[in-house]
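Asks: Sending over a structure as structure tokens; questions will come in a sec.
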Amino acid sequence: MPPLRAANLLATIEGARLHSRECAHWQRWGPYLSERQWGTVREDYSENGTAWDHFPHDHARSRAYRWGEDGIAGFGDDKLNWCVSLALWNRRDPILKERLFGLTNAQGNHGEDVKELYFYLDGTPTHSYMRMLYKYPHAAYPYDDLIQENARRGADMPEYEVLDTGVFDDGCYFDVQVEYAKHTPDDMVMRITVENRADEAATLDVLPQIWARNTWSWKGTQDRPSLTKQTARGETHLVGRQHGHDPIVVTAWSKDAPELTWLFCENDTNVKRLFGMDGAGPFKDGINDYLVHGDAQAVRSDAGSKAAAHVPLVLAPYGRAVVYLRWRPESAPDDTPLDADALFARRLAEADAFYAALQHDMPDPDARLVQRQALAGMLWSKQYYQFDVQRWLEGDPAQPTPPASRKHGRNADWRHLCNADIVSMPDKWEYPWYASWDLAFHAAAFALIDPEFAKRQLLLLVKDRYQHPNGQLPAYEWAFSDANPPVHAWAAWRVYEIDRALTGKGDRDFLELVFHKLLLNFSWWVNRKDADGHNIFQGGFLGLDNVGIFDRSSPLPTGGHIDQADGTAWMAAYALDLMRIALELAFANHVFVDIGVKFFEHFLYIAEAVSCDDGCDTGLWDSADEFFYDKLRLPDGSNVPMRVRSIVGLIPLFAVHVLEERLHGALPGLRDRLFWFLEHRPDLAKLVSRWDEPGKGNNLLLSLLRGHRMKALLRRALDESEFLSDHGVRALSRVHRDEPFVFRHNGDSFCVKYLPAESDSRVFGGNSNWRGPVWMPVNYLLIESLYEFHRYYGDDFRVEFPTGSGQKFSLSEIADQLAKRCTTLFLKDRNGERPVMGAYPLLQADPRSRDLVLFHEYFHGDNGRGVGASHQTGWSGLVALLLQPRAMSEAGVVPVAGEAEAALVTK
């Protein structure tokens, strides 16, 4: 990275704060509440593991959570001792709007789905400033309509969204903007700005809430936190007390409301409502029952473990009102009256300066807006994640013993897993739990603004209380033992490079620590996922859900197993990534040369197995189709190629690395070891391009593909009638739209056809689709791989793009074009519309809403419409890197003359 950019970024107030010793203190408070704690595995104590049914949305307002908390625009400390969020009531809804509503997996015709309009707009890495927007209708929220209509629709029909109900059609709704600004690391203000978007007056009850997470009900302790109302100098405030923590002072105010009333209840389960048991309230849902049902006995007026500042607003047509909530340590200097608006102006200016430094080489204002919202979404998607599997299996002292069946059911072999950390979530409503390969992509994007947090995220999964003793990384809470693609080493290297580009120094301690633990994980893959010991791997669904004709994580209806082109390619790429890390570490400690050579050799063994021609037993390359296919290995020893032309067959492109002369020639003993092996194994040496030829600087191309096969795969990948769309590479060739792949067995037919958006199959839950849409993470890796191939082949190696166009480009130029296609998902087109927002025409037509951007889980393979989880700001947040090619070049992804040299190898 040119020193100027790093200096500019660090010279900002937020940049200096982020890289100071006080950073951890500043990050102690943040947007760490989930958006959905109900319906999660953690809260499931059912006999049969029916998480969605055991703790449904209808229970959430009345039932205390065991492992976390949720709320709209939630904020809390890093253990959720104190939590803050927003509640609203339009006086028409049957319940307070305290949390975001959505359908369970069984209710949605395409799986679970949040049915709300909310947008993450801004944020800083220290959470000194955060901003989001929620849209709330004047009319009663259409809960029943959403449930009933989606139940009526089959999997072949589109989802029924909240905009489809018509509740927003007449413009009668509120824009509710929630901001947080920190006066000091522990002294902060929540500002709620409500705007009536209608030409008629409207009433809204606004309730900023603060409460203590319930820990007492599980331990059987009487040590309960409290919020107590006090009056001093004619002003009312709350004092919050928890054992072992400094007391806090809470105040609330609004110049736009005639009254403000504090309401209190306890964060306890309403056993009367849910279980018909006797119990002394007020309960968790007391504030709801007081406002909605007029139950004066449901709340207290002076104290409780949960409190809300009730602010009734009457808003004129297009009217606006502001409500504030502040909390601070009781021991801190009392700056009352604090000029809150000046504080927000100051923190917003600091955020603007930080992003101006980051984006100084991005001339397009729309690209800057999209990148900033993508990063804001990632910052808002942090969550405190607690899950002690041992305690979950055995139960808590003060609670009923869990059913005996759970000790042999879900995650029973993960008793060591004990998580209690701030973790980046894929989507805090649809996926409010970490997933190992999602988290790797999150870290790469986070490194752009907070490399220290990115490194901590990658180190979390290899800690003893996460990683299984056998070496496996936990996949996700629904099944920790599932196998996600092994991309952790790739992410560690990418974060290392971006961090080095920013700071000028590589963090070898981080790299070495993660490397040692990944050695265990690599061994787990080799020992557990290579059924025949032939360097051909399985792995299961590998994150691609319904890409194949079978659920690849379940026993096959045919018996046998599937040799997977993607599983084998991921392992080849894993070997190369570990080799690259080992050789980097070898610059400081030559002991790592040996292990680097080991991964060089292991890569070649995998490459030999997967790439051999049709006549060999292991190969997955189909010479007739010139494509990689999975092979179904049947119990009788025969095998059947699964000729599904999908992203599975393109993933072998990801296993590529150029081992440069200036690297292998600079490490004592490395070159001799490599060349000895190549000379003594000519059968494997032929897989390394031009290793024994002069010229090319004796650079070695390590890839599963030589030039011809690479061009054959790219010919399909870049064909607009197959994989290539206007917005990136599809997950399935469009040839399967008219020619579905059908496999028949024992009278049953299994079919895969091209589906550009929602799936019509319930395979693997039915809530995602790898049968046609564009997915950002695999597109990102493909783009990286093309840049890497270009480093070896140079500008003279040219490929037709698009296929059949007659135009030829270098691989670097093609990577540029693919990156551009992916970014057009979010950028305005010539009509001022964003393809990703295709399902939101009402917002696109509204000048005040057309710059609100969502970052969906995946995208329609033909028109780019966002599909799946609507706030998948983790791996779709990778667009933040694609929008800033300079950042990629500085991290050694894109070769740039004069700069790549310094970025690629530490001297």
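By order of appearance in the structure tokens: chains A, B, ..., then residues from 1 within every chain, and ligands from 1 in the order shown.
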Dump as a tab-separated table the rows for residues of segment 296-355 of chain A within 6 Å of segment 238-258 of chain A: closest atom pair and distance in Å with one decimal, only C-alpha atoms counted, ordered by chain and rising residue number.
Replies:
residue	atom	partner	partner_atom	distance
A:Leu313	CA	A:Ala257	CA	5.9
A:Ala321	CA	A:Asp256	CA	5.5
A:Val323	CA	A:Ser254	CA	4.7
A:Tyr324	CA	A:Trp253	CA	5.4
A:Leu325	CA	A:Ala252	CA	4.3
A:Arg326	CA	A:Thr251	CA	5.2
A:Trp327	CA	A:Val250	CA	4.4
A:Arg328	CA	A:Ile248	CA	5.4
A:Pro329	CA	A:Ile248	CA	4.3
A:Glu330	CA	A:Ile248	CA	4.9
Asks: Those residues you just picked out, can you put them in a file as a PDB file, in the first residue's frame with C-alpha atoms?
Replies:
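Final output, again-v7.pdb:
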ATOM      1  CA  LEU A 313     -46.024  10.878  19.739  1.00  0.00           C
ATOM      2  CA  ALA A 321     -39.942  13.862  16.282  1.00  0.00           C
ATOM      3  CA  VAL A 323     -36.368  10.725  21.288  1.00  0.00           C
ATOM      4  CA  TYR A 324     -33.119  10.163  23.193  1.00  0.00           C
ATOM      5  CA  LEU A 325     -31.855   7.528  25.609  1.00  0.00           C
ATOM      6  CA  ARG A 326     -28.509   7.874  27.361  1.00  0.00           C
ATOM      7  CA  TRP A 327     -26.658   5.516  29.664  1.00  0.00           C
ATOM      8  CA  ARG A 328     -23.331   6.032  31.371  1.00  0.00           C
ATOM      9  CA  PRO A 329     -21.335   4.736  34.352  1.00  0.00           C
ATOM     10  CA  GLU A 330     -22.504   6.272  37.621  1.00  0.00           C
TER      11      GLU A 330
END
Asks: Within 9 Å of Glu430 of chain A, counting only C-alpha atoms, which residues qualify if same-chain residues fewer than 6 places away don't, as a tab-separated table (two decimals) with C-alpha atoms, in the first residue's frame?
Replies:
chain	number	residue	atom	x	y	z
A	35	GLU	CA	-32.33	-10.06	15.62
A	36	ARG	CA	-33.80	-13.48	16.30
A	102	GLY	CA	-40.54	-13.56	9.96
A	112	GLU	CA	-37.38	-19.17	6.83
A	113	ASP	CA	-37.69	-15.54	5.80
A	114	VAL	CA	-37.77	-12.21	7.64
A	869	ALA	CA	-31.61	-13.94	3.26
A	870	SER	CA	-32.02	-10.21	2.72
A	871	HIS	CA	-29.26	-9.03	5.05
A	872	GLN	CA	-26.50	-11.52	4.18
Asks: Quick check for you: according to DSSP on this backbone, which residues of segment 162-315 of chain A are classed as strand (DSSP E)? Reply as an MDAnalysis selection string.
Replies: chainID A and resid 173:184 187:196 202:212 226:232 235:242 245:253 261:265 303:304 306:315
Asks: Per residue of segment 11-55 of chain A within 12 Å of segment 385-393 of chain A, note the shortest atom pair and the distance in Å to one decimal, counting only C-alpha atoms, and order the rows by chain and increasing residue number, as CSV.
Replies:
residue,atom,partner,partner_atom,distance
A:Tyr32,CA,A:Tyr385,CA,8.6
A:Leu33,CA,A:Tyr385,CA,8.9
A:Ser34,CA,A:Tyr385,CA,8.5
A:Arg36,CA,A:Tyr385,CA,12.0
A:Gln37,CA,A:Tyr385,CA,10.2
A:Thr40,CA,A:Phe387,CA,11.0
A:Val41,CA,A:Phe387,CA,9.5
A:Arg42,CA,A:Phe387,CA,6.5
A:Glu43,CA,A:Trp392,CA,8.8
A:Asp44,CA,A:Trp392,CA,9.0
A:Tyr45,CA,A:Trp392,CA,8.1
A:Ser46,CA,A:Leu393,CA,11.1
A:Glu47,CA,A:Leu393,CA,11.3
A:Gly49,CA,A:Leu393,CA,11.8
Asks: Could those selected residues go to a file with C-alpha atoms, as a compact mmCIF listing (two decimals), in the first residue's frame?
Replies:
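Below is the file again_35.txt, written as the result:
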# COMPACT_ATOMS: atom_id res chain seq x y z
CA TYR A 32 -24.29 -7.21 19.72
CA LEU A 33 -27.91 -8.34 20.11
CA SER A 34 -29.32 -10.92 17.75
CA ARG A 36 -33.80 -13.48 16.30
CA GLN A 37 -33.00 -15.52 19.37
CA THR A 40 -32.57 -21.22 17.34
CA VAL A 41 -30.91 -24.50 18.34
CA ARG A 42 -29.52 -22.87 21.47
CA GLU A 43 -33.01 -22.17 22.82
CA ASP A 44 -34.35 -25.59 21.78
CA TYR A 45 -34.95 -27.98 24.68
CA SER A 46 -37.42 -30.18 22.82
CA GLU A 47 -37.24 -33.95 22.69
CA GLY A 49 -34.90 -31.11 18.08
Asks: Can you list, as a ChimeraX atom specification, every protein, DNA or RNA residue that comes within 12 Å of Ala447 of chain A when you count only C-alpha atoms, leaving out same-chain residues fewer than 4 positions away?
Replies: /A:125,375,378-379,440-443,451-458,491-503,877-878,880-881,887-888,891
Asks: Just the helix (DSSP H, G or I) stuff from segment 54-247 of chain A, please, per backbone DSSP, written as JSON, numbers by chain.
Replies: {"A": [54, 57, 58, 59, 60, 143, 144, 145, 146, 147, 148, 149, 150, 151, 152, 162, 163, 164, 165, 216, 217, 218, 219]}
Asks: When you look at Leu88 of chain A with a cut-off of 7 Å (counting only C-alpha atoms), what residues show up, excluding the ones that are within fewer than 6 positions of it in the same chain? I need them as a short mmCIF file (atom, residue, chain, number, x, y, z; two decimals) with N, CA and C atoms, in the first residue's frame.
Replies:
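Just written: selection_19.cif:
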data_model
loop_
_atom_site.label_atom_id
_atom_site.label_comp_id
_atom_site.auth_asym_id
_atom_site.auth_seq_id
_atom_site.Cartn_x
_atom_site.Cartn_y
_atom_site.Cartn_z
N LEU A 96 -46.72 -5.28 20.76
CA LEU A 96 -45.66 -4.30 20.54
C LEU A 96 -44.70 -4.82 19.47
N LYS A 97 -44.18 -3.92 18.67
CA LYS A 97 -43.13 -4.29 17.72
C LYS A 97 -41.80 -4.17 18.46
N GLU A 98 -41.39 -5.28 19.09
CA GLU A 98 -40.14 -5.31 19.85
C GLU A 98 -39.02 -6.03 19.10
N ASP A 205 -46.37 5.19 19.53
CA ASP A 205 -45.72 5.05 20.82
C ASP A 205 -44.30 4.55 20.60
N VAL A 206 -43.35 5.34 21.08
CA VAL A 206 -41.93 5.00 20.95
C VAL A 206 -41.41 4.61 22.32
N LEU A 207 -40.72 3.47 22.39
CA LEU A 207 -40.26 2.96 23.68
C LEU A 207 -38.82 2.47 23.57
#
Asks: Fewer than 3 positions away in the same chain doesn't count, so skip those; otherwise give me all residues within 7 Å of Glu350 of chain A, counting only C-alpha atoms, as a PDB file with C-alpha atoms, in the first residue's frame.
Replies:
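Written out: out.pdb:
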ATOM      1  CA  ILE A  13      -9.874  10.289  14.539  1.00  0.00           C
ATOM      2  CA  GLU A  14     -11.665   6.972  14.030  1.00  0.00           C
ATOM      3  CA  ARG A 346     -19.131  15.138  15.732  1.00  0.00           C
ATOM      4  CA  ARG A 347     -19.212  11.348  15.513  1.00  0.00           C
ATOM      5  CA  ALA A 353     -13.541  11.391   7.452  1.00  0.00           C
ATOM      6  CA  PHE A 354     -12.701   7.725   8.022  1.00  0.00           C
TER       7      PHE A 354
END
Asks: For Leu448 of chain A, which of A:Tyr787, A:Tyr780, A:Trp770, A:Tyr355 is the closest residue, counting only C-alpha atoms?
Replies: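 Of A:Tyr787, A:Tyr780, A:Trp770, A:Tyr355, the one nearest Leu448 of chain A, counting only C-alpha atoms, is A:Tyr355.
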Asks: May I have the residues within 6 Å of segment 622-637 of chain A as a VMD selection string, using only C-alpha atoms and disregarding those fewer than 3 positions away in the same chain?
Replies: chain A and resid 560 to 565 640 to 643 649
Asks: Export, as a PDB file, in the first residue's frame, the selected residues with N, CA and C atoms.
Replies:
ATOM      1  N   GLY A 560     -23.352 -46.439  -1.268  1.00  0.00           N
ATOM      2  CA  GLY A 560     -22.075 -45.947  -1.743  1.00  0.00           C
ATOM      3  C   GLY A 560     -21.796 -44.528  -1.288  1.00  0.00           C
ATOM      4  N   HIS A 561     -20.949 -43.847  -2.051  1.00  0.00           N
ATOM      5  CA  HIS A 561     -20.613 -42.470  -1.707  1.00  0.00           C
ATOM      6  C   HIS A 561     -20.303 -41.687  -2.983  1.00  0.00           C
ATOM      7  N   ILE A 562     -20.168 -40.375  -2.853  1.00  0.00           N
ATOM      8  CA  ILE A 562     -19.879 -39.510  -3.992  1.00  0.00           C
ATOM      9  C   ILE A 562     -18.463 -38.968  -3.858  1.00  0.00           C
ATOM     10  N   ASP A 563     -17.639 -39.208  -4.880  1.00  0.00           N
ATOM     11  CA  ASP A 563     -16.358 -38.514  -4.985  1.00  0.00           C
ATOM     12  C   ASP A 563     -16.636 -37.134  -5.563  1.00  0.00           C
ATOM     13  N   GLN A 564     -16.265 -36.104  -4.822  1.00  0.00           N
ATOM     14  CA  GLN A 564     -16.717 -34.757  -5.152  1.00  0.00           C
ATOM     15  C   GLN A 564     -15.617 -33.935  -5.810  1.00  0.00           C
ATOM     16  N   ALA A 565     -15.953 -33.352  -6.942  1.00  0.00           N
ATOM     17  CA  ALA A 565     -15.005 -32.466  -7.624  1.00  0.00           C
ATOM     18  C   ALA A 565     -14.740 -31.225  -6.787  1.00  0.00           C
ATOM     19  N   VAL A 640     -20.561 -43.847 -11.560  1.00  0.00           N
ATOM     20  CA  VAL A 640     -21.406 -43.147 -12.523  1.00  0.00           C
ATOM     21  C   VAL A 640     -21.096 -41.658 -12.432  1.00  0.00           C
ATOM     22  N   PRO A 641     -20.621 -41.030 -13.514  1.00  0.00           N
ATOM     23  CA  PRO A 641     -20.437 -39.572 -13.482  1.00  0.00           C
ATOM     24  C   PRO A 641     -21.778 -38.861 -13.346  1.00  0.00           C
ATOM     25  N   MET A 642     -21.818 -37.891 -12.438  1.00  0.00           N
ATOM     26  CA  MET A 642     -23.018 -37.071 -12.265  1.00  0.00           C
ATOM     27  C   MET A 642     -22.861 -35.841 -13.167  1.00  0.00           C
ATOM     28  N   ARG A 643     -23.356 -35.946 -14.401  1.00  0.00           N
ATOM     29  CA  ARG A 643     -23.085 -34.902 -15.392  1.00  0.00           C
ATOM     30  C   ARG A 643     -23.990 -33.674 -15.197  1.00  0.00           C
ATOM     31  N   GLY A 649     -18.026 -28.108 -10.849  1.00  0.00           N
ATOM     32  CA  GLY A 649     -17.013 -28.392 -11.858  1.00  0.00           C
ATOM     33  C   GLY A 649     -16.098 -27.233 -12.172  1.00  0.00           C
TER      34      GLY A 649
END
Asks: For segment 135-214 of chain A versus segment 283-297 of chain A, which residues have an atom no more than 12 Å away, and what is each residue's nearest atom pair and distance in Å rounded to one decimal, using only C-alpha atoms, chain-then-number order, as CSV?
Replies:
residue,atom,partner,partner_atom,distance
A:Leu204,CA,A:Leu291,CA,11.9
A:Asp205,CA,A:Leu291,CA,9.2
A:Val206,CA,A:Leu291,CA,11.4
A:Leu207,CA,A:Ile287,CA,9.6
A:Pro208,CA,A:Ile287,CA,11.7
A:Gln209,CA,A:Ile287,CA,10.1
A:Trp211,CA,A:Lys284,CA,9.9
A:Ala212,CA,A:Lys284,CA,11.0
A:Arg213,CA,A:Lys284,CA,11.0
A:Asn214,CA,A:Lys284,CA,10.1
Asks: Near Pro317 of chain A, counting only C-alpha atoms, which residues have an atom at most 12 Å away, once you skip same-chain residues fewer than 6 positions from it, shown as JSON, numbers by chain?
Replies: {"A": [171, 172, 173, 174, 195, 196, 197, 198, 199, 200, 201, 202, 203]}
Asks: Please produce a file of the residues just selected, as an mmCIF file, in the first residue's frame, where the atoms kept are C-alpha atoms.
Replies:
data_model
loop_
_atom_site.group_PDB
_atom_site.id
_atom_site.type_symbol
_atom_site.label_atom_id
_atom_site.label_comp_id
_atom_site.auth_asym_id
_atom_site.auth_seq_id
_atom_site.Cartn_x
_atom_site.Cartn_y
_atom_site.Cartn_z
ATOM 1 C CA GLY A 171 -47.227 5.890 1.862
ATOM 2 C CA CYS A 172 -48.805 5.690 5.316
ATOM 3 C CA TYR A 173 -45.813 4.576 7.315
ATOM 4 C CA PHE A 174 -43.096 5.824 9.626
ATOM 5 C CA GLU A 195 -40.720 10.743 10.395
ATOM 6 C CA ASN A 196 -44.317 10.426 9.326
ATOM 7 C CA ARG A 197 -44.200 9.726 5.589
ATOM 8 C CA ALA A 198 -47.934 10.285 5.091
ATOM 9 C CA ASP A 199 -50.042 13.364 4.351
ATOM 10 C CA GLU A 200 -52.195 12.625 7.371
ATOM 11 C CA ALA A 201 -51.503 12.820 11.079
ATOM 12 C CA ALA A 202 -50.495 9.647 12.886
ATOM 13 C CA THR A 203 -49.883 8.433 16.423
#
Asks: Could you produce a table of the residues of segment 273-386 of chain A lying within 8 Å of segment 827-831 of chain A, with the nearest pair of atoms per residue and their separation in Å rounded to one decimal, using only C-alpha atoms, ordered by chain and increasing residue number, as a Markdown table?
Replies:
| residue | atom | partner | partner_atom | distance |
| --- | --- | --- | --- | --- |
| A:Asp366 | CA | A:Leu827 | CA | 6.6 |
| A:Ala367 | CA | A:Leu827 | CA | 6.7 |
| A:Val370 | CA | A:Leu827 | CA | 7.1 |
Asks: Write out the residues from the selection above, keeping N, CA and C atoms, as a short mmCIF file (atom, residue, chain, number, x, y, z; two decimals), in the first residue's frame.
Replies:
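Below you can see again-v9.cif, which holds the result:
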data_model
loop_
_atom_site.label_atom_id
_atom_site.label_comp_id
_atom_site.auth_asym_id
_atom_site.auth_seq_id
_atom_site.Cartn_x
_atom_site.Cartn_y
_atom_site.Cartn_z
N ASP A 366 -21.72 6.70 -6.17
CA ASP A 366 -22.62 5.58 -5.93
C ASP A 366 -21.85 4.36 -5.43
N ALA A 367 -20.67 4.13 -5.97
CA ALA A 367 -19.84 3.02 -5.48
C ALA A 367 -19.44 3.25 -4.02
N VAL A 370 -22.48 2.41 -1.86
CA VAL A 370 -22.72 0.97 -1.75
C VAL A 370 -21.69 0.32 -0.84
#
Asks: Provide the atom CA of Val176 of chain A to atom CA of Gly319 of chain A distance in Å, to one decimal place.
Replies: 12.1 Å
Asks: Tell me, counting only C-alpha atoms, for each residue of segment 783-897 of chain A within 7 Å of segment 716-724 of chain A, which pair of atoms is nearest and how far apart they are in Å to one decimal, in rows ordered by chain and increasing number, as CSV.
Replies:
residue,atom,partner,partner_atom,distance
A:Phe801,CA,A:Leu718,CA,6.3
A:Pro802,CA,A:Leu718,CA,5.3
A:Thr803,CA,A:Asp719,CA,4.7
Asks: What does the structure give for the distance between atom CA of Gly504 of chain A and atom CA of Ile449 of chain A, in Å to one decimal?
Replies: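 For atom CA of Gly504 of chain A relative to atom CA of Ile449 of chain A, the distance reads 15.1 Å.
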Asks: In Å, with one decimal, what is the gap from atom CA of Tyr318 of chain A to atom CA of Ile192 of chain A?
Replies: 16.2 Å
